[in-house]
Amino acid sequence: MLLKELSSLASPLSQGQVEKLKQLTSELSAVQLAWVSGYLAATANAGQLAPAAQAQTAQTVTILYGSQTGNGRGVAKALADKAQAQGYAVNLASMGEYNVRQLKQEAVLLLVVSTHGEGEAPDDAIELHKFLASKRAPKLDNLHYSVLALGDSSYEFFCQTGKDFDARLAALGAKSLLPLIECDVDYEAAAGQWHADVLEAVKPLIETSSASVVSIGTAKAIGESEFTKQNPYSAEVLVSQKITGRGSDRDVRHVEIDLGDSGLTYQAGDALGVWFSNNEVLVDEVLAGLSLAADELVTLGTESLSLKQALVDKKELTQLYPGLVKAWAELSGSAELLALSEDKEQVRHFILKHQFADLVTQYPLSNNSVTLNAAKLLELLRPLTPRLYSIASSQSEVETEVHLTVALVEDERHGSARFGGASHFLASAQEGTQVKVYVESNKHFRLPENPETPVIMVGPGTGVAPFRAFMQERVAQGIQGDSWLFFGNPHFEQDFLYQTEWQQYLKNGDLSRIDVAFSRDQAHKIYVQHRIKEQGQALWQWLQNGAHLYICGDAERMAKDVHQALIEVAVEVGGLNTEAAEAYFETLRSDKRYQKDVY
């Protein structure tokens, strides 16, 4: 009760620090809480706490992260650990938990931020990004800062959010400790170098102490797992079952994985990170096309292994990036590929439709009398990175299992089958196959704190996965009704994912209503955005009654089309003009009533 009152009062703590204080004290008994309260009061009265509080801004390194998939949080956490090991007081927080009013008090600010979608800030960085770009942003003449930007050079607006932060802080008078660091998907080495460089750069500005100083922001979260992206858990596949019909043009799998005694926990809305191995047939094709020996010994870091094993387990083969296309164009001497590599838009489209094996086949090096040795090949290829899948189950229902809904990515090019790396690995996994996994928390895709709050879920295709988890969680909590699902796919008979489960939820009253759009079952195509427009009156009323709105699935088209349909509902039913409708949904987003999990 005391902490509930604390969070509602004006406080020197940020909202994120208040939440962590709640978390840290949640496991203490009444006697233990009383002791802590007395200890803090006595320390403050003795004058020991006040100087520390006064020194907070002058002697603290503040590290903020904006992270959509967890990479930014990992880089920031590692920096915080290194800073503390060197004796610095550290305040580590998500940008979404940071009190922007504190900004003008900071002396040293280190930012780690990724870029999402088409140059957009990740969810937890949106508010700070907007604040810095607004007229409310203060002059920051006393601030020293550094920005590490994470991105993917396959996208047009590479590291754009980091560039925005760097430019805006400089414009507000802050002094840059180091030039902006732009990291591609293989960011580990660059991030590690930045850690060393930036901690050296802050030395003249911050006094170190032999005391162990830990801010609330850096305390290890209760329940945080020892298994991470860098240290995944080797789990066992229980089931990989096709759930689309024989006549479907897509292969969607329901995958069940046993977490055993790992202690891994997750919440509805979280994602599972999956490390995978490249298909050996694909690897053999690449080796044959380059006339390289599979058993040649190579070195990656400190590890010595065969070239084939390196390509199976260590290197990315199914996703290209612009730098590789350009390098291959120069190696092959192909005029066609050279011309294409100079056009950013053409490269983007090329990357979506080709894999490395296609480069080897379609633009052979033999035409240019160029040979490629094993070391150069490994240098060209990016490190293998795990894929994130929205979790399709609630632990309240399945306990030590985790379920995924996986669409097999498959295509045929020039007579050769091409598959997505992770989806093919999971789709072809037999019972007992080992798979390395970790849980990636997604605080920006959560059921409402009040379980009685109505929810509207828009999830076509495999975007329905987290909503299966939502429904399992609500049923486990004993919540009935006030839930509405919009689902779409090509054909009712072939592609209605988890059909019997949804029908059972409806029958039991756990799900209030479902609206479906099977695009190919009639002459004109019908998608979920059309159903949203058709049900605009009821949907608007749900929103007026406080409903939370969720969208999961394709970011490129579906999420944009659904958002546009929502704007039109706000205009046509809600009586707002377009500008006011956009502002309305922006307010819902700020209030965490409009959440997206898009990819």
# chains A, B, ... in the order shown; residues from 1 in each chain; ligands from 1
call {"tool": "residues_around", "arguments": {"residues": "stretch 492-509 of chain A", "least_positions_apart": "3", "cutoff": "10 Å", "atoms": "only C-alpha atoms", "output": "VMD selection string"}}
result
chain A and resid 243 to 254 405 460 to 462 464 to 465 468 471 to 472 475 479 to 485 487 to 489 512 to 514 516 to 521
call {"tool": "select_by_dssp", "arguments": {"residues": "stretch 103-181 of chain A", "states": "strand (DSSP E)", "output": "list in words"}}
result
Val108, Leu109, Leu110, Leu111, Val112, Val113, Ser114, His144, Tyr145, Ser146, Val147, Leu148, Ala149, Leu150, Lys175, Ser176 and Ile181 of chain A
call {"tool": "residues_around", "arguments": {"residues": "A:Phe227", "least_positions_apart": "5", "cutoff": "8 Å", "atoms": "only C-alpha atoms", "output": "ChimeraX atom specification"}}
result
/A:232-233,264,438-439
call {"tool": "closest_residue", "arguments": {"among": "A:Glu106, A:Asp597, A:Glu586, A:Glu473", "to": "A:Lys130", "atoms": "only C-alpha atoms"}}
result
A:Glu586
call {"tool": "closest_residue", "arguments": {"among": "A:Leu172, A:Ala422, A:Val202, A:Cys159", "to": "A:Lys436", "atoms": "only C-alpha atoms"}}
result
A:Ala422
call {"tool": "closest_atom_pairs", "arguments": {"of": "stretch 417-529 of chain A", "to": "stretch 331-355 of chain A", "cutoff": "10 Å", "atoms": "only C-alpha atoms", "output": "tab-separated table"}}
result
residue	atom	partner	partner_atom	distance
A:Arg418	CA	A:Gln355	CA	7.9
A:Phe419	CA	A:Gln355	CA	9.2
A:Gly420	CA	A:Gln355	CA	9.4
call {"tool": "write_last_selection", "arguments": {"atoms": "N, CA and C atoms", "output": "mmCIF file, in the first residue's frame"}}
result
data_model
loop_
_atom_site.group_PDB
_atom_site.id
_atom_site.type_symbol
_atom_site.label_atom_id
_atom_site.label_comp_id
_atom_site.auth_asym_id
_atom_site.auth_seq_id
_atom_site.Cartn_x
_atom_site.Cartn_y
_atom_site.Cartn_z
ATOM 1 N N ARG A 418 14.561 -22.996 -51.770
ATOM 2 C CA ARG A 418 15.155 -22.074 -50.813
ATOM 3 C C ARG A 418 14.224 -21.960 -49.608
ATOM 4 N N PHE A 419 14.807 -22.039 -48.415
ATOM 5 C CA PHE A 419 14.017 -21.994 -47.186
ATOM 6 C C PHE A 419 14.580 -20.940 -46.237
ATOM 7 N N GLY A 420 13.712 -20.438 -45.352
ATOM 8 C CA GLY A 420 14.180 -19.586 -44.272
ATOM 9 C C GLY A 420 14.977 -20.435 -43.297
#
call {"tool": "select_by_dssp", "arguments": {"residues": "stretch 324-447 of chain A", "states": "helix (DSSP H, G or I)", "output": "PyMOL selection string"}}
result
chain A and resi 324-332+335-341+344-353+356-362+365-368+374-380+395-398+421-427
